[in-house]
Amino acid sequence: MKNEAREQKIKCSNKGHMTVSGVMIYTFLGFWALIVLFPFYWMILTSLKSYSAYNGEYIPKLYTLSPTLQNYADAFTAVPLGRYLLNTLVFTVLTTLIMLAVIVLAAFAFARLEFRGKNAAFVLFLSMMMIPNELVVITNFITITNLDLRNTFAGLILPSVTSVFYLYLLKENFEQIPDNLYYAAKVDGTSDLRYLFRVMIPIAKPTLVTVTILKVIECWNSYVWPRLITDDADYFLVSNGIQEIRENGFGRENIPAMMAAVVVISVPLIVLFLIFRDKVMEGVSRGGTKG
Amino acid sequence: MMDRNSIKGSLKGWLYLLPALLFLGVFMVYPLIDVFVYSFEEGYNSASQTYFGVGTYNYAYVLRDPYFLQAVKNTFLLVVITVPLSTGIALLISVGLHSIGPLRRFLQTVYFLPYVTNTLAVGMVFMILFKKTPYSDGFINLLITWFGGKSVDFIDGPYWAKMSVLCLYTIWVVMPFKILILTSALASVDPVYYRAARVDGTSKFRMFVKITLPMISPMIFYLVITGFIGAFKAYSDVVALFGTNLNAAGMNTIVGYVYDMLYGDSGGYPSYASAAAIILFAIVFTITCINLLASEQKTRR
């Protein structure tokens, strides 16, 4: 509300002299938008050029008059792109679901139940928020290797589940739900688990959606752990797949086909973002770290 | 309020926590202790899981390894160049965004796109834009020669060229987060201050320096700190540009060195990897503390 009112004010105050400074601001902002969008334009453009047309252009053209979808067909047939996408989907869905189950139960315990050692446990969780992944990845790599879980979904998923920060976000949200509801439910003889599913989860749905989106983005883009734990292309995720395509795929530097693969990999998250724009941006500003 | 029966209540509480504790214990707490153990075990052999001594040899080895020193140099350069630049540009963009009405929402959406794209995938686009091949000089070189410059291979060419494309790509990747945080910080400054200043006839620039900057400075510090931490851990964007063999390209980062020691053609040395990871953590920790101290001093004054 306040923002809108102020926006109105700023607009009014600018109305008379939307002049030099206004033009400069729009030019600058437009320039940055161009820098952001250009790589996307270039990847789509290149993916539509035929192999011979692309390699025939010593001076790259900014447009194409004979677009072709052949590269997309190549991306799915010459390399197992479909397989990579399916793997990533399975990995993303399972990791996110397991994480949600784990953090919902833990957040409920921290926010609602009273038990001995709760504070100590919470301090332990909080302190884990400061631990960078790079420190624990070495032992996890050895653990998973020793358990013979390399090149399995279990090996990919299990170490990726822990997300202390999301647990923290959810616990904060659960704590805002008034105690009265809980005691009323207790009087009615509702069990804790039932109360959790019938009352707390629906109320905390916005936070759960935020957490889910952030985790999905994280999973879809994860590269380091999958690279360490898989060397069998049957278990590659898209990030590893694209790296594999770059180093060994297609042959003879078929860049248009490579760009078609890049487009296919990028589209799902961009669509997700355009649908849930406000949710994603709000979630990232609360809990994002990339940057 | 305590449950009727505290033992039963305690049991229930821990039962709900159990899955989280298991994951945390196995994949975070235990590895955290273990990484220190590894880093002091000399001559660890991952096949037989034996070692022949305890001491600081691994650290000495890593600190003398020219590949590690190169990685430290690359990482520091990347941090020193990209953190101030990206924060500064993000500030300019956010102020610009804040002052316009039409198109604001659209531009915010556009600026956020790099956040939701796969770093590896878009990195490949940057690679082909900057790469010089026998068939083509690439788009960026076309622009450079257009403006009268000399074309250069940014991917396999001289060090400064590789470093500049890496910095550019890093800035491109980290910008969405910074713009997002700064625009919401700017939106939360109470308009009363501006109104008062306008009554006094204060100039726009003075208003920005005297009101806006102090009000959003906590967020700027937050971005500088997270920016430092993030840039020190740079890895996958470097792989996207220069491929997995970063030592050969002379573009390795500290995190890249850790993973190379662990895995791949030069891998199989978890002790060296652990020592390098702990050195990295020590650097990041020190710099975060310095940043926090600096920001505290500034606010106290």
# chains A, B, ... in the order shown; residues from 1 in each chain; ligands from 1
>>> residues_around(residues="Leu166 (chain B)", least_positions_apart="2", cutoff="8 Å", atoms="only C-alpha atoms", output="VMD selection string")
chain B and resid 78 162 to 164 168 to 170 237 to 238 241
>>> interface_residues(of="chain A", to="chain B", cutoff="7 Å", atoms="only C-alpha atoms", output="number ranges by chain")
A: 3, 6, 11, 25, 29, 33, 36, 39, 43, 55, 58-60, 102-103, 105-106, 109, 113-116, 134-136, 138-140, 159, 162, 217, 221, 228, 239, 242, 262, 266, 269-270, 285, 290-291
>>> atom_distance(atom1="CA of Pro206 (chain A)", atom2="CA of Phe125 (chain A)")
22.9 Å
>>> select_by_dssp(residues="region 33-278 of chain A", states="alpha helix (DSSP H)", output="NGL selection string")
:A and (33-48 or 51-56 or 70-77 or 81-112 or 118-128 or 133-146 or 153-157 or 164-175 or 179-187 or 192-195 or 201-203 or 205-221 or 224-229 or 238-248 or 255-275 or 277-278)
>>> residues_around(residues="Val93 (chain A)", least_positions_apart="6", cutoff="12 Å", atoms="only C-alpha atoms", output="list in words")
Leu86, Asn87, Met99, Leu100, Phe153, Ile157, Ser160, Val161, Thr212, Ile213, Lys215, Val216, Ile217, Glu218, Cys219 and Trp220 of chain A
>>> write_last_selection(atoms="C-alpha atoms", output="compact mmCIF listing (two decimals), in the first residue's frame")
# COMPACT_ATOMS: atom_id res chain seq x y z
CA LEU A 86 14.21 -37.71 -16.75
CA ASN A 87 17.05 -38.30 -14.27
CA MET A 99 13.31 -32.80 2.32
CA LEU A 100 9.76 -31.52 2.85
CA PHE A 153 19.73 -42.33 -7.12
CA ILE A 157 19.67 -37.85 -3.29
CA SER A 160 21.29 -33.45 -0.98
CA VAL A 161 18.31 -33.62 1.37
CA THR A 212 9.71 -26.09 -2.53
CA ILE A 213 10.46 -23.68 -5.36
CA LYS A 215 14.76 -26.43 -3.52
CA VAL A 216 13.59 -27.30 -7.03
CA ILE A 217 15.80 -24.55 -8.51
CA GLU A 218 18.71 -25.77 -6.40
CA CYS A 219 18.21 -29.40 -7.49
CA TRP A 220 17.72 -28.61 -11.16
>>> residues_around(residues="Ala204 (chain A)", least_positions_apart="6", cutoff="8 Å", atoms="only C-alpha atoms", output="PDB file with C-alpha atoms, in the first residue's frame")
ATOM      1  CA  LEU A 170       9.386 -23.234   8.301  1.00  0.00           C
ATOM      2  CA  ASN A 173       6.329 -19.771  10.258  1.00  0.00           C
ATOM      3  CA  PHE A 174       4.904 -22.570  12.421  1.00  0.00           C
TER       4      PHE A 174
END
>>> residues_around(residues="Phe165 (chain A)", least_positions_apart="3", cutoff="9 Å", atoms="only C-alpha atoms", output="ChimeraX atom specification")
/A:125-126,129,168-170,287
>>> write_last_selection(atoms="C-alpha atoms", output="CSV table (one decimal), in the first residue's frame")
chain,number,residue,atom,x,y,z
A,125,PHE,CA,20.9,-27.1,13.8
A,126,LEU,CA,21.5,-23.4,13.7
A,129,MET,CA,23.7,-23.3,8.8
A,168,TYR,CA,14.5,-22.7,10.1
A,169,LEU,CA,12.2,-20.7,7.8
A,170,LEU,CA,9.4,-23.2,8.3
A,287,GLY,CA,16.4,-17.3,1.7
>>> closest_residue(among="A:Ile203, A:Ile229, A:Ala75, A:Met128", to="Ile144 (chain A)", atoms="only C-alpha atoms")
A:Ile229
>>> atom_distance(atom1="CA of Gln70 (chain A)", atom2="CA of Ser50 (chain A)")
7.4 Å
>>> closest_residue(among="B:Gly53, B:Asn291, B:Thr286, B:Leu77", to="Tyr159 (chain B)", atoms="only C-alpha atoms")
B:Leu77
>>> closest_residue(among="A:Val79, A:Leu48, A:Met24, A:Val90", to="Pro67 (chain A)", atoms="only C-alpha atoms")
A:Leu48
>>> residues_around(residues="region 207-213 of chain B", least_positions_apart="3", cutoff="10 Å", atoms="only C-alpha atoms", output="count of residues only")
19
>>> atom_distance(atom1="CA of Phe232 (chain B)", atom2="CA of Cys167 (chain B)")
12.6 Å
